[in-house]
Each structure stands twice: as C-alpha cells, then as structure tokens.
file run.txt (compact mmCIF, C-alpha atoms)
# COMPACT_ATOMS: atom_id res chain seq x y z
CA MET I 1 -5.58 3.84 -5.74
CA LEU I 2 -5.01 0.07 -5.60
CA ILE I 3 -6.04 -0.23 -9.23
CA GLU I 4 -3.34 2.21 -10.33
CA THR I 5 -0.80 0.38 -8.16
CA LEU I 6 -1.75 -2.98 -9.69
CA LYS I 7 -1.61 -1.57 -13.21
CA SER I 8 1.85 -0.21 -12.51
CA LEU I 9 3.11 -3.49 -11.00
CA PHE I 10 1.70 -5.71 -13.75
CA ASP I 11 3.06 -3.39 -16.43
CA ARG I 12 6.50 -3.27 -14.78
CA ASP I 13 6.76 -7.01 -14.24
CA LEU I 14 5.34 -8.11 -17.59
CA ASN I 15 7.78 -5.78 -19.33
CA LYS I 16 10.57 -7.26 -17.18
CA LEU I 17 9.39 -10.74 -18.26
CA LYS I 18 9.73 -9.59 -21.86
CA VAL I 19 13.26 -8.33 -21.17
CA GLU I 20 14.21 -11.61 -19.49
CA ILE I 21 13.01 -13.69 -22.45
CA GLU I 22 14.72 -11.31 -24.89
CA SER I 23 17.96 -11.58 -22.87
CA TYR I 24 18.57 -15.24 -23.68
CA GLN I 25 21.47 -15.07 -26.15
CA ASN I 26 20.67 -18.54 -27.46
CA GLU I 27 16.94 -19.10 -27.71
CA THR I 28 17.32 -22.87 -27.24
CA GLN I 29 18.40 -22.13 -23.65
CA ILE I 30 14.90 -20.80 -22.92
CA TRP I 31 13.78 -24.45 -22.94
CA VAL I 32 16.66 -26.02 -21.00
CA ILE I 33 15.93 -27.99 -17.86
CA ASP I 34 19.13 -28.44 -15.89
CA LYS I 35 19.78 -30.49 -12.74
CA ASN I 36 16.97 -29.85 -10.24
CA ILE I 37 15.23 -27.14 -12.26
CA LEU I 38 11.92 -28.70 -13.20
CA ASN I 39 10.52 -25.94 -15.42
CA SER I 40 12.20 -24.11 -18.25
CA ALA I 41 11.93 -20.35 -18.62
CA GLY I 42 9.76 -20.93 -21.69
CA ASN I 43 7.28 -23.04 -19.79
CA LEU I 44 7.19 -20.57 -16.91
CA CYS I 45 6.55 -17.79 -19.41
CA LEU I 46 3.69 -19.75 -20.99
CA HIS I 47 2.32 -20.44 -17.51
CA LEU I 48 2.33 -16.75 -16.60
CA VAL I 49 0.69 -15.77 -19.88
CA GLY I 50 -1.97 -18.46 -19.42
CA ASN I 51 -2.56 -17.55 -15.79
CA LEU I 52 -3.05 -13.83 -16.42
CA ASN I 53 -5.10 -14.33 -19.57
CA THR I 54 -7.38 -16.65 -17.61
CA TYR I 55 -7.85 -14.86 -14.32
CA ILE I 56 -7.63 -11.26 -15.51
CA GLY I 57 -8.36 -11.47 -19.25
CA ALA I 58 -11.18 -13.99 -19.37
CA GLU I 59 -12.79 -13.32 -15.98
CA ILE I 60 -12.42 -9.57 -15.62
CA GLY I 61 -11.88 -8.48 -19.23
CA LYS I 62 -14.32 -11.00 -20.74
CA THR I 63 -11.87 -11.82 -23.55
CA GLY I 64 -13.11 -15.36 -24.11
CA TYR I 65 -9.63 -16.78 -23.52
CA ILE I 66 -9.68 -20.54 -22.90
CA ARG I 67 -6.76 -21.93 -20.94
CA ASN I 68 -4.98 -25.21 -21.52
CA ARG I 69 -2.78 -25.35 -18.42
CA GLU I 70 -1.22 -28.70 -19.33
CA LEU I 71 0.23 -27.21 -22.53
CA GLU I 72 1.83 -24.40 -20.52
CA PHE I 73 4.18 -27.01 -19.06
CA SER I 74 4.44 -29.48 -21.95
CA LEU I 75 4.98 -27.30 -25.03
CA LYS I 76 8.60 -26.90 -26.05
CA ASP I 77 10.69 -24.93 -28.52
CA ILE I 78 8.28 -22.10 -29.18
CA PRO I 79 10.34 -19.37 -30.85
CA GLN I 80 11.56 -16.53 -28.65
CA SER I 81 9.74 -14.03 -30.88
CA GLU I 82 6.42 -15.84 -30.33
CA LEU I 83 6.89 -15.81 -26.55
CA ILE I 84 7.58 -12.08 -26.70
CA GLU I 85 4.45 -11.54 -28.79
CA LYS I 86 2.41 -13.50 -26.22
CA ILE I 87 3.80 -11.30 -23.43
CA GLU I 88 3.02 -8.10 -25.37
CA ASN I 89 -0.54 -9.29 -25.96
CA THR I 90 -0.89 -10.16 -22.28
CA ILE I 91 0.22 -6.65 -21.31
CA LEU I 92 -2.61 -5.24 -23.43
CA VAL I 93 -5.15 -7.70 -22.04
CA VAL I 94 -4.20 -6.98 -18.42
CA ASN I 95 -4.25 -3.21 -18.93
CA ASN I 96 -7.59 -3.29 -20.73
CA ALA I 97 -9.16 -5.45 -18.05
CA LEU I 98 -7.80 -3.42 -15.14
CA ASN I 99 -9.02 -0.23 -16.82
CA THR I 100 -12.58 -1.52 -16.47
CA LEU I 101 -12.36 -1.94 -12.69
CA THR I 102 -13.56 0.40 -9.98
CA GLU I 103 -12.55 0.46 -6.33
CA THR I 104 -15.95 -1.10 -5.60
CA ASP I 105 -15.11 -3.98 -7.94
CA LEU I 106 -11.99 -4.69 -5.88
CA GLN I 107 -14.15 -5.24 -2.80
CA ALA I 108 -16.49 -7.65 -4.63
CA ILE I 109 -15.99 -11.40 -4.41
CA TYR I 110 -13.91 -12.72 -7.31
CA PRO I 111 -16.23 -14.76 -9.58
CA LEU I 112 -14.24 -18.03 -9.39
CA ILE I 113 -13.29 -20.13 -6.38
CA VAL I 114 -9.54 -20.56 -6.87
CA PHE I 115 -8.16 -21.43 -3.42
CA GLU I 116 -11.15 -23.41 -2.11
CA LYS I 117 -12.72 -20.30 -0.57
CA GLU I 118 -14.09 -16.94 -1.62
CA MET I 119 -11.79 -13.93 -1.82
CA THR I 120 -12.15 -10.37 -2.98
CA THR I 121 -11.08 -9.40 -6.45
CA GLY I 122 -8.55 -7.00 -4.93
CA PHE I 123 -6.96 -9.76 -2.85
CA PHE I 124 -6.76 -12.08 -5.83
CA LEU I 125 -5.21 -9.43 -8.07
CA VAL I 126 -2.51 -8.82 -5.45
CA HIS I 127 -1.94 -12.58 -5.36
CA LEU I 128 -1.63 -12.68 -9.17
CA SER I 129 0.93 -9.89 -9.06
CA SER I 130 3.03 -11.74 -6.49
CA HIS I 131 2.67 -14.98 -8.49
CA LEU I 132 4.04 -13.16 -11.54
CA THR I 133 6.95 -11.81 -9.53
CA TYR I 134 7.74 -15.24 -8.04
CA HIS I 135 8.06 -16.90 -11.45
CA LEU I 136 9.82 -13.86 -12.92
CA GLY I 137 12.54 -14.40 -10.31
CA GLN I 138 12.80 -18.05 -11.29
CA ILE I 139 13.20 -17.08 -14.95
CA ASN I 140 15.88 -14.54 -14.08
CA TYR I 141 17.77 -17.15 -12.07
CA HIS I 142 17.39 -19.72 -14.86
CA ARG I 143 18.79 -17.29 -17.44
CA ARG I 144 21.76 -16.29 -15.30
CA LEU I 145 22.50 -19.90 -14.40
CA LEU I 146 22.74 -20.89 -18.04
CA SER I 147 24.66 -17.87 -19.35

call {"tool": "encode", "arguments": {"input": "run.txt", "output": "structure tokens"}}
result
Amino acid sequence: MLIETLKSLFDRDLNKLKVEIESYQNETQIWVIDKNILNSAGNLCLHLVGNLNTYIGAEIGKTGYIRNRELEFSLKDIPQSELIEKIENTILVVNNALNTLTETDLQAIYPLIVFEKEMTTGFFLVHLSSHLTYHLGQINYHRRLLS
C-alpha cells in the first residue's frame, strides 16, 4: 500500500514541478536570485532531479546515474525545455524504480547511510517525497514573487 501511495505522491509532485517550470512566462526568470533568495528555481529543479535520480534511480532502480551535486547549484541558464525534459525523464526513472519494490523491500535497510545512521527504505522514500514537496513550494513561491 505504501508503494502505491509513494508512486502517487512522486508522480503528482514531479508533474507539479513540471507545471511550475513551464509557468515561468520569461525563462530567464527561472534563474533569478532576488534579495534573500539564495537558490533559483532552476537550481532547485536541478537539485530535485539529481536527488531523485541518485537515491531512487541509481540505488533502487540501478540506472547507473552519477550525481554531481555541485553542478545542481552552480549551473545557470539551462533552457526551460531542457529542465522539463529532465523532469519527464525523472518521472520515468522514479516510476520504474518504485515498480520494482515490494513491501518487504520497504522494511529493509536503505543501502546508503545518508543521515549518519541506518534507516529503512520506506522511511527514506517518505523523506524524499517530503524533500521534493519542500523545494516545490520554494519554486512556487519564487515564481509568484517574480511574476
């Protein structure tokens, strides 16, 4: 049951991320840093794509994805269409990986130590969903602030 819930939440929120990025009327605004906002929507989008492709794609789905976290926050001016393509690919990766899981897998210890201690795969997937939602809210706020 949790697997279906997670699939639904990741699908909903990644599609919402796509809508947010598509909703910037001027694609240069995706990369704007204004006042006390330290990360642009583009960099947050790259961060979410990198995060999910690492922890779900590479670890669970065995995609071979190799993350460069520093680039997630330093790259600039990637076209809106390319960000959307990255999100669409991430949706496929997440769905494919989650489709391989069983309820027993959710109870197993996640293969990487991420927060300095072991945790179950189920716990970590819930964390990743809330992490996605947190940054999605920041992107939504960023877009509305600039429009």

call {"tool": "residues_around", "arguments": {"input": "run.txt", "residues": "range 113-125 of chain I", "least_positions_apart": "5", "cutoff": "10 Å", "atoms": "only C-alpha atoms", "output": "list of chain:residue names"}}
result
I:Leu2, I:Ile3, I:Leu6, I:Phe10, I:Leu52, I:Tyr55, I:Ile56, I:Ile60, I:Leu98, I:Leu101, I:Glu103, I:Thr104, I:Asp105, I:Leu106, I:Gln107, I:Ala108, I:Ser130, I:His131

call {"tool": "atom_distance", "arguments": {"input": "run.txt", "atom1": "CA of Asn39 in chain I", "atom2": "CA of Asn15 in chain I"}}
result
20.7 Å

call {"tool": "atom_distance", "arguments": {"input": "run.txt", "atom1": "CA of Thr90 in chain I", "atom2": "CA of Asn68 in chain I"}}
result
15.6 Å

call {"tool": "closest_residue", "arguments": {"input": "run.txt", "among": "I:Asn95, I:Thr54, I:Thr63, I:Ser147", "to": "Ser8 in chain I", "atoms": "only C-alpha atoms"}}
result
I:Asn95

call {"tool": "closest_residue", "arguments": {"input": "run.txt", "among": "I:Val126, I:Ile30, I:Ile139, I:Ile21", "to": "Lys86 in chain I", "atoms": "all atoms listed in the file"}}
result
I:Ile21

call {"tool": "closest_residue", "arguments": {"input": "run.txt", "among": "I:Val19, I:Val32, I:Leu46, I:Ile87", "to": "Arg69 in chain I", "atoms": "all atoms listed in the file"}}
result
I:Leu46

call {"tool": "residues_near_point", "arguments": {"input": "run.txt", "point": "(5.0, -10.8, -15.4)", "cutoff": "10 Å", "atoms": "only C-alpha atoms", "output": "list in words"}}
result
Leu9, Phe10, Asp11, Arg12, Asp13, Leu14, Asn15, Lys16, Leu17, Lys18, Cys45, Leu48, Val49, Leu52, Ile87, Thr90, Ile91, Leu128, Ser129, Ser130, His131, Leu132, Thr133, Tyr134, His135, Leu136 and Gly137 of chain I

call {"tool": "atom_distance", "arguments": {"input": "run.txt", "atom1": "CA of Gly50 in chain I", "atom2": "CA of His127 in chain I"}}
result
15.2 Å

call {"tool": "closest_residue", "arguments": {"input": "run.txt", "among": "I:Asn140, I:Asn53, I:Thr5, I:Asn99", "to": "Ala41 in chain I", "atoms": "all atoms listed in the file"}}
result
I:Asn140

call {"tool": "closest_residue", "arguments": {"input": "run.txt", "among": "I:Glu20, I:Glu85, I:Glu4, I:Glu27", "to": "His142 in chain I", "atoms": "only C-alpha atoms"}}
result
I:Glu20

call {"tool": "axis_aligned_box", "arguments": {"input": "run.txt", "around": "range 66-72 of chain I", "padding_each_side": "8 Å", "output": "AutoDock Vina command-line options"}}
result
--center_x -3.9 --center_y -24.6 --center_z -20.7 --size_x 27.5 --size_y 24.2 --size_z 20.5

call {"tool": "build_atoms", "arguments": {"input": "run.txt", "residues": "range 68-85 of chain I", "atoms": "N, CA and C atoms", "output": "PDB file, in the frame of the given file"}}
result
ATOM      1  N   ASN I  68      -5.377 -23.817 -21.525  1.00  0.00           N
ATOM      2  CA  ASN I  68      -4.980 -25.210 -21.520  1.00  0.00           C
ATOM      3  C   ASN I  68      -3.708 -25.280 -20.671  1.00  0.00           C
ATOM      4  N   ARG I  69      -3.895 -25.419 -19.363  1.00  0.00           N
ATOM      5  CA  ARG I  69      -2.780 -25.350 -18.420  1.00  0.00           C
ATOM      6  C   ARG I  69      -1.729 -26.436 -18.678  1.00  0.00           C
ATOM      7  N   GLU I  70      -2.169 -27.622 -19.070  1.00  0.00           N
ATOM      8  CA  GLU I  70      -1.220 -28.700 -19.330  1.00  0.00           C
ATOM      9  C   GLU I  70      -0.212 -28.320 -20.415  1.00  0.00           C
ATOM     10  N   LEU I  71      -0.675 -27.621 -21.446  1.00  0.00           N
ATOM     11  CA  LEU I  71       0.230 -27.210 -22.530  1.00  0.00           C
ATOM     12  C   LEU I  71       1.247 -26.181 -22.061  1.00  0.00           C
ATOM     13  N   GLU I  72       0.895 -25.400 -21.041  1.00  0.00           N
ATOM     14  CA  GLU I  72       1.830 -24.400 -20.520  1.00  0.00           C
ATOM     15  C   GLU I  72       3.116 -25.063 -20.043  1.00  0.00           C
ATOM     16  N   PHE I  73       3.020 -26.305 -19.597  1.00  0.00           N
ATOM     17  CA  PHE I  73       4.180 -27.010 -19.060  1.00  0.00           C
ATOM     18  C   PHE I  73       4.714 -28.100 -19.985  1.00  0.00           C
ATOM     19  N   SER I  74       3.984 -28.406 -21.061  1.00  0.00           N
ATOM     20  CA  SER I  74       4.440 -29.480 -21.950  1.00  0.00           C
ATOM     21  C   SER I  74       4.933 -28.982 -23.312  1.00  0.00           C
ATOM     22  N   LEU I  75       4.483 -27.828 -23.755  1.00  0.00           N
ATOM     23  CA  LEU I  75       4.980 -27.300 -25.030  1.00  0.00           C
ATOM     24  C   LEU I  75       6.465 -26.994 -24.925  1.00  0.00           C
ATOM     25  N   LYS I  76       7.159 -27.144 -26.008  1.00  0.00           N
ATOM     26  CA  LYS I  76       8.600 -26.900 -26.050  1.00  0.00           C
ATOM     27  C   LYS I  76       8.956 -26.183 -27.344  1.00  0.00           C
ATOM     28  N   ASP I  77      10.075 -25.501 -27.322  1.00  0.00           N
ATOM     29  CA  ASP I  77      10.690 -24.930 -28.520  1.00  0.00           C
ATOM     30  C   ASP I  77       9.829 -23.926 -29.275  1.00  0.00           C
ATOM     31  N   ILE I  78       8.989 -23.215 -28.564  1.00  0.00           N
ATOM     32  CA  ILE I  78       8.280 -22.100 -29.180  1.00  0.00           C
ATOM     33  C   ILE I  78       9.305 -20.994 -29.404  1.00  0.00           C
ATOM     34  N   PRO I  79       9.323 -20.387 -30.577  1.00  0.00           N
ATOM     35  CA  PRO I  79      10.340 -19.370 -30.850  1.00  0.00           C
ATOM     36  C   PRO I  79      10.279 -18.204 -29.844  1.00  0.00           C
ATOM     37  N   GLN I  80      11.428 -17.668 -29.566  1.00  0.00           N
ATOM     38  CA  GLN I  80      11.560 -16.530 -28.650  1.00  0.00           C
ATOM     39  C   GLN I  80      10.629 -15.392 -29.084  1.00  0.00           C
ATOM     40  N   SER I  81      10.577 -15.120 -30.373  1.00  0.00           N
ATOM     41  CA  SER I  81       9.740 -14.030 -30.880  1.00  0.00           C
ATOM     42  C   SER I  81       8.257 -14.270 -30.582  1.00  0.00           C
ATOM     43  N   GLU I  82       7.821 -15.515 -30.620  1.00  0.00           N
ATOM     44  CA  GLU I  82       6.420 -15.840 -30.330  1.00  0.00           C
ATOM     45  C   GLU I  82       6.127 -15.659 -28.846  1.00  0.00           C
ATOM     46  N   LEU I  83       7.073 -16.035 -27.983  1.00  0.00           N
ATOM     47  CA  LEU I  83       6.890 -15.810 -26.550  1.00  0.00           C
ATOM     48  C   LEU I  83       6.779 -14.310 -26.258  1.00  0.00           C
ATOM     49  N   ILE I  84       7.613 -13.528 -26.900  1.00  0.00           N
ATOM     50  CA  ILE I  84       7.580 -12.080 -26.700  1.00  0.00           C
ATOM     51  C   ILE I  84       6.248 -11.503 -27.165  1.00  0.00           C
ATOM     52  N   GLU I  85       5.755 -11.986 -28.290  1.00  0.00           N
ATOM     53  CA  GLU I  85       4.450 -11.540 -28.790  1.00  0.00           C
ATOM     54  C   GLU I  85       3.341 -11.895 -27.791  1.00  0.00           C
TER      55      GLU I  85
END
